[in-house]
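K.L.:
There's a structure below that I have some questions on.
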Amino acid sequence: MGGAMIHNTQIRKIVRQYLRSKGLPLHIAVTFPDIFLVDRTSRIKSRSEISGSVENLRTQLTKKTRLNIPIISSNMADVTESAMAIAIARKGGLGFIHQFMPIKDRVSQVREVKRADNEIIENPWCVKPGISLKEALDFMKLNKTSAVLVVNDDGVLVGILTNRDVQFKRYQTDEALKSLRVEDVMTKALVTANPGITIQEAIKILDAKKIEKLPLIDEKNQPVGLITAKDVVKRSQFPMAARDRKGRLLVGATVGLPDNILEEVGQLCGAGADAILLDTARANALRVQETIQKIKKEFPKAQLVVGNVDNPEGTRLLIDAGADAVKVGIGPGSACKTREETGVGMPQLTAIAECAAVAEDIPIIADGGIAKGGDFAKALAAGASVVMLGSALAGTDESPGELQMDKGQKFKVYRGSASLELQLDRLAKGSLDDIRAPEGEPRRVPYKGSVGPVIEVLIKNLSSAMSYVNALTLAELRECQMRWQTRAGHEEGMPKS
Ligand code: XMP
């Protein structure tokens with residue numbers, strides 16, 4: 001269970017106090033352009049003082065999952081698959097693999113992220129020495145790996161097959177590849193190490209022996225791990241990366257509300273997902289409450305993020321049922337039509353603040369409507385621990401979808417999860433039975449190149465905002481004051497043509 005149960009009158013009192021303490025209006029709900037952050041005499045000498053230390057931007061995604069930057073990528077079909085999840089985790093955040101594909105594909109995408117840059121690969125891919133080179137190459141291609149260990153029938157390591165062994169053979173005809181055995185091609189003279197080796201010791205061996213792979217073997221000479229030069233280099237290349245205890249990148253995976261939800265959660269946890277997102281448009285619902293209880297009973301250790309809600313009542317429902325983080329936002333997203341079509345949905349800044357007011361120690365995720373660095377800082381100042389970004393990260397090399405051209409402009413399509421276009425796509429692929437009234441739209445988002453620099457700019461914007469309000473850490477940013485502004489006030493701050 002989350003925090004202690006609190007009652008409605010208490011909730012209203014807590015919310016009023018919180019809004020007042022922030023300088024937010026009590027009776028009108030506001031969103032990002034309606035307010036500004038009040039600057040304060042700053043002790044911070046330069047913005048790099050903030051982004052320069054990993055401690056300052058560290059935050060909780062859930063009760064137990066920690067990130068190094070407060071950014072996660074949206075579980076949307078045009079935002080997060082494994083490439084995005086890998087890129088964002090290397091920057092210190094996390095990606096939620098979307099739910100609009102069969103569970104087996106979600107599982108393999110989670111596995112892909114967990115294997116992307118390991119300190120130690122725990123279950124290295126293995127093949128038998130007697131199989132053909134064609135079979136081995138197909139296996140390597142399927143599993144997107146550049147090396148496989150070769151083990152005999154007793155599980156004993158007898159060789160390794162790497163790109164170097166096959167670089168001149170892989171272009172031969174299939175017939176020729178079928179006639180070659182792995183044992184004829186593999187490297188047999190192996191340098192190995194004990195599983196207890198430290199990374200520093202492994203680096204020394206890789207360097208001294210000029211090798212790229214170091215298999216770890218137990219006392220029976222059976223492989224129990226693999227350290228690669230590539231992973232070691234990546235570790236120093238991405239010092240901010242969000243990793244688990246074993247040095248693997250963090251990744252989240254999403255489920256909707258299918259009948260076999262426990263099976264799906266079990267498979268995703270089994271694949272190594274660090275957080276499970278239970279995502280539904282209407283999370284303030286008894287069905288969701290029951291589902292959380294069911295999941296937490298079966299998988300008490302799973303870190304469960306649940307959304308979306310937009311008010312204290314919904315937030316408490318999810319927390320009291322056992323959610324480890326609450327995702328907030330009904331209708332603020334750039335591809336959303338929910339408010340237009342249903343009339344429901346609280347303006348996002350007030351929604352974040354009111355939900356954060358009653359969340360106690362459970363993190364709040366601000367989901368939707370964050371386009372610029374200013375919105376990002378305001379969402380965190382209002383009480384969010386993390387922001388979820390959709391369109392801001394779409395249109396990048398790492399987002400799914402084809403790059404398209406129109407009148408010399410490159411773009412990618414970004415479809416709302418409840419848009420007719422995505423529903424039709426899912427219907428055609430068999431992952432949806434029926435079309436619902438659309439509450440989302442497709443948009444074009446300009447091509448932005450790689451997602452890394454997009455995140456870097458957002459972090460610079462955030463550091464800048466923090467330096468204005470004298471906040472060295474995100475906890476201090478949450479203390480900052482806001483003031484309401486008029487529309488003219490907001491427009492005054494926009495660039496003029
Ligand atoms: P941004 O503004 O970052 O928003 O593009 C991303 C978030 O928008 C939500 N989303 C939707 N909301 N209808 C909705 O009402 C939709 O079709 C839809 N698609 C995405 C979602 O929360 C996402 O993270």
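Here's how to read the names in the structure tokens: chain A, B, ... by the order shown, residue numbers from 1 in each chain, ligand numbers from 1 in the order shown.
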Using only C-alpha atoms and all ligand atoms, tabulate the residues of chain A lying at most 8 Å from any atom of ligand 1, each with its closest atom pair and that distance in Å to one decimal, by chain and increasing residue number, as CSV.
P.N.:
residue,atom,partner,partner_atom_place_in_ligand_line,distance
A:Ser73,CA,ligand 1,24 (O),7.7
A:Ser74,CA,ligand 1,24 (O),4.4
A:Asn75,CA,ligand 1,24 (O),6.2
A:Met76,CA,ligand 1,20 (C),6.5
A:Ala281,CA,ligand 1,15 (O),7.1
A:Asn308,CA,ligand 1,22 (O),7.2
A:Gly329,CA,ligand 1,22 (O),6.5
A:Ile330,CA,ligand 1,15 (O),6.3
A:Gly331,CA,ligand 1,15 (O),4.5
A:Pro332,CA,ligand 1,2 (O),6.3
A:Gly333,CA,ligand 1,4 (O),3.4
A:Ser334,CA,ligand 1,2 (O),3.8
A:Ala335,CA,ligand 1,18 (C),5.5
A:Cys336,CA,ligand 1,14 (C),3.8
A:Lys337,CA,ligand 1,15 (O),5.3
A:Thr338,CA,ligand 1,15 (O),4.3
A:Arg339,CA,ligand 1,15 (O),7.3
A:Asp367,CA,ligand 1,24 (O),5.3
A:Gly368,CA,ligand 1,4 (O),3.5
A:Gly369,CA,ligand 1,2 (O),3.5
A:Ile370,CA,ligand 1,2 (O),5.4
A:Ala371,CA,ligand 1,2 (O),6.5
A:Met388,CA,ligand 1,24 (O),6.0
A:Leu389,CA,ligand 1,3 (O),4.1
A:Gly390,CA,ligand 1,3 (O),3.4
A:Ser391,CA,ligand 1,5 (O),3.8
A:Ala392,CA,ligand 1,3 (O),5.9
A:Leu393,CA,ligand 1,3 (O),7.9
A:Arg415,CA,ligand 1,19 (N),6.8
A:Gly416,CA,ligand 1,17 (O),3.4
A:Ser417,CA,ligand 1,19 (N),3.7
A:Ala418,CA,ligand 1,17 (O),3.4
A:Ser419,CA,ligand 1,17 (O),4.8
A:Pro438,CA,ligand 1,17 (O),7.0
A:Glu439,CA,ligand 1,13 (N),4.6
A:Gly440,CA,ligand 1,17 (O),3.1
A:Glu441,CA,ligand 1,17 (O),6.0
K.L.:
I need the residues from that last selection saved to file as a CSV table (one decimal), in the first residue's frame (with C-alpha atoms), if you can.
P.N.:
chain,number,residue,atom,x,y,z
A,73,SER,CA,9.6,9.0,-23.1
A,74,SER,CA,5.9,8.5,-23.8
A,75,ASN,CA,4.5,5.0,-24.3
A,76,MET,CA,3.2,5.9,-27.7
A,281,ALA,CA,-7.3,6.9,-20.4
A,308,ASN,CA,-3.8,8.7,-16.1
A,329,GLY,CA,-2.7,14.4,-17.4
A,330,ILE,CA,-6.1,14.1,-19.1
A,331,GLY,CA,-6.1,15.9,-22.3
A,332,PRO,CA,-3.0,18.2,-22.3
A,333,GLY,CA,-1.1,16.2,-24.9
A,334,SER,CA,-0.3,17.7,-28.2
A,335,ALA,CA,-2.2,15.0,-30.1
A,336,CYS,CA,-5.2,14.9,-27.7
A,337,LYS,CA,-8.8,15.6,-28.4
A,338,THR,CA,-10.2,14.2,-25.1
A,339,ARG,CA,-11.2,17.6,-23.8
A,367,ASP,CA,2.3,13.6,-18.8
A,368,GLY,CA,1.5,15.8,-21.8
A,369,GLY,CA,1.7,19.3,-23.0
A,370,ILE,CA,5.4,19.9,-22.4
A,371,ALA,CA,6.8,21.4,-25.5
A,388,MET,CA,6.8,12.3,-19.8
A,389,LEU,CA,7.4,13.6,-23.3
A,390,GLY,CA,5.7,12.7,-26.5
A,391,SER,CA,5.9,15.1,-29.4
A,392,ALA,CA,9.1,16.7,-28.0
A,393,LEU,CA,10.9,13.4,-28.6
A,415,ARG,CA,-0.3,9.8,-34.0
A,416,GLY,CA,-2.4,10.2,-30.8
A,417,SER,CA,-2.8,6.8,-29.2
A,418,ALA,CA,-6.6,7.1,-29.5
A,419,SER,CA,-6.5,8.5,-33.0
A,438,PRO,CA,-11.3,8.8,-31.6
A,439,GLU,CA,-9.9,11.1,-28.9
A,440,GLY,CA,-6.6,11.8,-30.6
A,441,GLU,CA,-5.2,13.1,-33.9
K.L.:
Pick out the residues sitting within 10 Å of Ala359 in chain A, and hand them over as an mmCIF file with C-alpha atoms, in the first residue's frame; count only C-alpha atoms, and ignore anything fewer than 6 positions along from it in its own chain.
P.N.:
data_model
loop_
_atom_site.group_PDB
_atom_site.id
_atom_site.type_symbol
_atom_site.label_atom_id
_atom_site.label_comp_id
_atom_site.auth_asym_id
_atom_site.auth_seq_id
_atom_site.Cartn_x
_atom_site.Cartn_y
_atom_site.Cartn_z
ATOM 1 C CA GLY A 2 1.078 3.578 -0.620
ATOM 2 C CA GLY A 3 0.787 6.273 2.052
ATOM 3 C CA PRO A 312 -6.512 14.233 -5.930
ATOM 4 C CA THR A 315 -4.382 10.018 -7.247
ATOM 5 C CA ARG A 316 -5.376 8.697 -3.824
ATOM 6 C CA LEU A 318 -4.293 4.626 -7.225
ATOM 7 C CA ILE A 319 -1.888 5.158 -4.321
ATOM 8 C CA ASP A 320 -4.170 3.487 -1.792
ATOM 9 C CA ALA A 325 3.953 6.245 -9.113
ATOM 10 C CA VAL A 326 1.002 8.123 -10.555
ATOM 11 C CA ALA A 353 0.022 20.492 -8.222
ATOM 12 C CA GLY A 383 5.436 18.980 -7.843
#
K.L.:
What is the distance between CA of Arg235 in chain A and CA of Pro124 in chain A, in Å to one decimal?
P.N.:
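Rounded to one decimal, the two atoms are 18.5 Å apart.
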K.L.:
Mind checking DSSP for range 76-303 of chain A and telling me the helix (DSSP H, G or I) residues as a PyMOL selection string?
P.N.:
chain A and resi 82-91+103-116+133-142+163-166+174-179+182-185+199-209+229-237+261-270+286-298
K.L.:
Give me, please, the distance in Å between CA of Glu491 in chain A and CA of Leu19 in chain A, quoted to one decimal.
P.N.:
24.3 Å
K.L.:
Any idea what's packed within 12 Å of Thr145 in chain A, counting only C-alpha atoms, ignoring anything in its chain fewer than 4 positions away? Could you give it as a PyMOL selection string?
P.N.:
chain A and resi 112+115-117+121+124-126+136-141+149+161-163+228+230
K.L.:
The selected residues should be written to file as a PDB file, in the first residue's frame (atoms: C-alpha atoms).
P.N.:
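Written output follows (selection11.pdb):
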ATOM      1  CA  GLU A 112      16.985  -5.683 -26.357  1.00  0.00           C
ATOM      2  CA  ARG A 115      21.240  -6.289 -23.352  1.00  0.00           C
ATOM      3  CA  ALA A 116      22.177  -3.002 -25.058  1.00  0.00           C
ATOM      4  CA  ASP A 117      25.047  -2.014 -22.831  1.00  0.00           C
ATOM      5  CA  ILE A 121      26.172  -9.922 -20.044  1.00  0.00           C
ATOM      6  CA  PRO A 124      25.484 -14.715 -23.272  1.00  0.00           C
ATOM      7  CA  TRP A 125      24.115 -16.217 -26.460  1.00  0.00           C
ATOM      8  CA  CYS A 126      25.587 -19.687 -27.068  1.00  0.00           C
ATOM      9  CA  ALA A 136      24.997 -19.379 -36.563  1.00  0.00           C
ATOM     10  CA  LEU A 137      24.877 -16.189 -38.665  1.00  0.00           C
ATOM     11  CA  ASP A 138      21.070 -16.324 -38.811  1.00  0.00           C
ATOM     12  CA  PHE A 139      21.005 -16.743 -35.030  1.00  0.00           C
ATOM     13  CA  MET A 140      23.343 -13.764 -34.555  1.00  0.00           C
ATOM     14  CA  LYS A 141      21.270 -11.605 -36.888  1.00  0.00           C
ATOM     15  CA  LEU A 149      30.000 -18.330 -27.349  1.00  0.00           C
ATOM     16  CA  LEU A 161      32.456 -16.804 -32.891  1.00  0.00           C
ATOM     17  CA  THR A 162      32.781 -13.076 -33.511  1.00  0.00           C
ATOM     18  CA  ASN A 163      32.464 -10.687 -36.421  1.00  0.00           C
ATOM     19  CA  THR A 228      32.850  -6.818 -23.955  1.00  0.00           C
ATOM     20  CA  LYS A 230      32.175  -2.185 -26.461  1.00  0.00           C
TER      21      LYS A 230
END
K.L.:
Set the distance at 9 Å and use only C-alpha atoms: which residues neighbour Asp218 in chain A once local chain neighbours fewer than 4 positions away are removed? I'd like the list as an MDAnalysis selection string.
P.N.:
chainID A and resid 193:195 222:224
K.L.:
Excluding range 404-410 of chain A and any residue of its chain fewer than 4 positions from it, enumerate the residues within 10 Å of it, using only C-alpha atoms, and give them as an MDAnalysis selection string.
P.N.:
chainID A and resid 395 444:448
K.L.:
Convert the current residue selection to file output with all heavy atoms, as a PDB file, in the first residue's frame.
P.N.:
ATOM      1  N   GLY A 395       9.775  12.391 -34.014  1.00  0.00           N
ATOM      2  CA  GLY A 395      10.458  13.031 -35.146  1.00  0.00           C
ATOM      3  C   GLY A 395      11.967  12.949 -35.035  1.00  0.00           C
ATOM      4  O   GLY A 395      12.688  13.667 -35.717  1.00  0.00           O
ATOM      5  N   ARG A 444       2.063  16.014 -37.894  1.00  0.00           N
ATOM      6  CA  ARG A 444       3.409  15.897 -38.440  1.00  0.00           C
ATOM      7  C   ARG A 444       4.350  16.571 -37.458  1.00  0.00           C
ATOM      8  O   ARG A 444       4.059  17.676 -37.005  1.00  0.00           O
ATOM      9  CB  ARG A 444       3.513  16.666 -39.751  1.00  0.00           C
ATOM     10  CG  ARG A 444       2.807  15.977 -40.885  1.00  0.00           C
ATOM     11  CD  ARG A 444       2.915  16.859 -42.097  1.00  0.00           C
ATOM     12  NE  ARG A 444       2.413  16.168 -43.258  1.00  0.00           N
ATOM     13  CZ  ARG A 444       2.567  16.590 -44.490  1.00  0.00           C
ATOM     14  NH1 ARG A 444       3.215  17.722 -44.733  1.00  0.00           N
ATOM     15  NH2 ARG A 444       2.094  15.907 -45.500  1.00  0.00           N
ATOM     16  N   VAL A 445       5.466  15.917 -37.155  1.00  0.00           N
ATOM     17  CA  VAL A 445       6.462  16.634 -36.341  1.00  0.00           C
ATOM     18  C   VAL A 445       7.744  16.745 -37.155  1.00  0.00           C
ATOM     19  O   VAL A 445       8.161  15.784 -37.806  1.00  0.00           O
ATOM     20  CB  VAL A 445       6.747  15.948 -34.986  1.00  0.00           C
ATOM     21  CG1 VAL A 445       5.645  16.178 -33.998  1.00  0.00           C
ATOM     22  CG2 VAL A 445       6.986  14.475 -35.143  1.00  0.00           C
ATOM     23  N   PRO A 446       8.339  17.935 -37.162  1.00  0.00           N
ATOM     24  CA  PRO A 446       9.547  18.137 -37.969  1.00  0.00           C
ATOM     25  C   PRO A 446      10.656  17.195 -37.522  1.00  0.00           C
ATOM     26  O   PRO A 446      10.766  16.887 -36.328  1.00  0.00           O
ATOM     27  CB  PRO A 446       9.946  19.587 -37.689  1.00  0.00           C
ATOM     28  CG  PRO A 446       8.845  20.185 -36.908  1.00  0.00           C
ATOM     29  CD  PRO A 446       7.959  19.104 -36.398  1.00  0.00           C
ATOM     30  N   TYR A 447      11.448  16.756 -38.476  1.00  0.00           N
ATOM     31  CA  TYR A 447      12.582  15.879 -38.180  1.00  0.00           C
ATOM     32  C   TYR A 447      13.595  16.647 -37.341  1.00  0.00           C
ATOM     33  O   TYR A 447      13.951  17.786 -37.656  1.00  0.00           O
ATOM     34  CB  TYR A 447      13.205  15.417 -39.499  1.00  0.00           C
ATOM     35  CG  TYR A 447      14.478  14.645 -39.326  1.00  0.00           C
ATOM     36  CD1 TYR A 447      14.508  13.465 -38.591  1.00  0.00           C
ATOM     37  CD2 TYR A 447      15.672  15.092 -39.896  1.00  0.00           C
ATOM     38  CE1 TYR A 447      15.688  12.754 -38.425  1.00  0.00           C
ATOM     39  CE2 TYR A 447      16.852  14.384 -39.744  1.00  0.00           C
ATOM     40  CZ  TYR A 447      16.852  13.224 -38.996  1.00  0.00           C
ATOM     41  OH  TYR A 447      18.015  12.527 -38.832  1.00  0.00           O
ATOM     42  N   LYS A 448      14.064  16.015 -36.261  1.00  0.00           N
ATOM     43  CA  LYS A 448      14.953  16.724 -35.332  1.00  0.00           C
ATOM     44  C   LYS A 448      16.342  16.113 -35.252  1.00  0.00           C
ATOM     45  O   LYS A 448      17.143  16.534 -34.421  1.00  0.00           O
ATOM     46  CB  LYS A 448      14.354  16.686 -33.920  1.00  0.00           C
ATOM     47  CG  LYS A 448      12.932  17.227 -33.813  1.00  0.00           C
ATOM     48  CD  LYS A 448      12.455  17.109 -32.372  1.00  0.00           C
ATOM     49  CE  LYS A 448      11.036  17.583 -32.209  1.00  0.00           C
ATOM     50  NZ  LYS A 448      10.102  16.516 -31.916  1.00  0.00           N
TER      51      LYS A 448
END
K.L.:
Give me the residues within 9 Å of Arg111 in chain A as a ChimeraX atom specification, counting only C-alpha atoms and dropping any in the same chain fewer than 5 places off.
P.N.:
/A:82,106,116,271-273
K.L.:
Expressed in Å to a single decimal, how great is the separation between CA of Ile44 in chain A and CA of Ile365 in chain A?
P.N.:
26.9 Å
K.L.:
Which residues come within 9 Å of Leu37 in chain A, counting only C-alpha atoms, excluding same-chain residues fewer than 4 positions away, as a list in words?
P.N.:
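Within the cut-off, the hits are Ala377, Lys378, Ala381, Ala465, Tyr468, Val469, Cys480, Gln481, Met482 and Arg483 of chain A.
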K.L.:
What are the DSSP strand (DSSP E) residues of range 133-288 of chain A, as an mmCIF file with C-alpha atoms, in the first residue's frame?
P.N.:
data_model
loop_
_atom_site.group_PDB
_atom_site.id
_atom_site.type_symbol
_atom_site.label_atom_id
_atom_site.label_comp_id
_atom_site.auth_asym_id
_atom_site.auth_seq_id
_atom_site.Cartn_x
_atom_site.Cartn_y
_atom_site.Cartn_z
ATOM 1 C CA ALA A 147 29.408 -12.570 -31.013
ATOM 2 C CA VAL A 148 28.262 -15.931 -29.704
ATOM 3 C CA LEU A 149 30.000 -18.330 -27.349
ATOM 4 C CA VAL A 150 30.394 -21.892 -28.548
ATOM 5 C CA VAL A 151 29.630 -24.647 -26.010
ATOM 6 C CA LEU A 157 33.049 -23.376 -23.461
ATOM 7 C CA VAL A 158 35.040 -24.479 -26.513
ATOM 8 C CA GLY A 159 35.258 -21.311 -28.591
ATOM 9 C CA ILE A 160 33.840 -17.950 -29.566
ATOM 10 C CA LEU A 161 32.456 -16.804 -32.891
ATOM 11 C CA THR A 162 32.781 -13.076 -33.511
ATOM 12 C CA LYS A 213 35.340 -10.176 -25.556
ATOM 13 C CA LEU A 214 36.130 -11.739 -22.213
ATOM 14 C CA PRO A 215 33.978 -14.796 -21.369
ATOM 15 C CA LEU A 216 33.518 -15.523 -17.663
ATOM 16 C CA ILE A 217 33.536 -19.214 -16.785
ATOM 17 C CA PRO A 223 30.164 -19.757 -19.422
ATOM 18 C CA VAL A 224 28.316 -17.652 -16.857
ATOM 19 C CA GLY A 225 28.918 -14.212 -18.319
ATOM 20 C CA LEU A 226 30.622 -12.074 -20.921
ATOM 21 C CA ILE A 227 32.368 -8.703 -20.693
ATOM 22 C CA THR A 228 32.850 -6.818 -23.955
ATOM 23 C CA GLY A 252 9.863 0.388 -18.676
ATOM 24 C CA ALA A 253 7.102 -1.533 -20.421
ATOM 25 C CA THR A 254 3.415 -0.829 -20.791
ATOM 26 C CA VAL A 255 0.239 -2.824 -20.368
ATOM 27 C CA ALA A 275 8.923 -0.486 -14.214
ATOM 28 C CA ILE A 276 5.533 -1.526 -15.492
ATOM 29 C CA LEU A 277 3.148 1.154 -16.674
ATOM 30 C CA LEU A 278 -0.530 0.356 -16.392
ATOM 31 C CA ASP A 279 -1.864 2.871 -18.870
#
K.L.:
Out of A:Val251, A:Leu61, A:Val305, A:Ile28, which residue has the shortest atom-to-atom distance to Val288 in chain A when counting only C-alpha atoms?
P.N.:
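Smallest separation from Val288 in chain A among the options: A:Val305.
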K.L.:
So, with only C-alpha atoms as the atoms that count, which of A:Ala351, A:Val457, A:Ala437, A:Ala283 lies closest to Ala323 in chain A?
P.N.:
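Answer, going by the shortest atom-to-atom distance: A:Ala283.
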K.L.:
Between A:Arg20, A:Lys144, A:Lys134, A:Lys64, which one has atoms that come closest to Val166 in chain A, using only C-alpha atoms?
P.N.:
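For Val166 in chain A, the nearest of the candidates is A:Lys134.
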K.L.:
Have a look at A:Val185, A:Glu341, A:Asn143, A:Gly155 and name the one nearest to Lys220 in chain A; count only C-alpha atoms.
P.N.:
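Ranked by minimum distance to Lys220 in chain A, first place goes to A:Gly155.
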K.L.:
Counting only C-alpha atoms, which residue out of A:Lys412, A:Val30, A:Ile69, A:Val127 sits closest to Ser53 in chain A?
P.N.:
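Looking at the shortest contact to Ser53 in chain A, the residue is A:Ile69.
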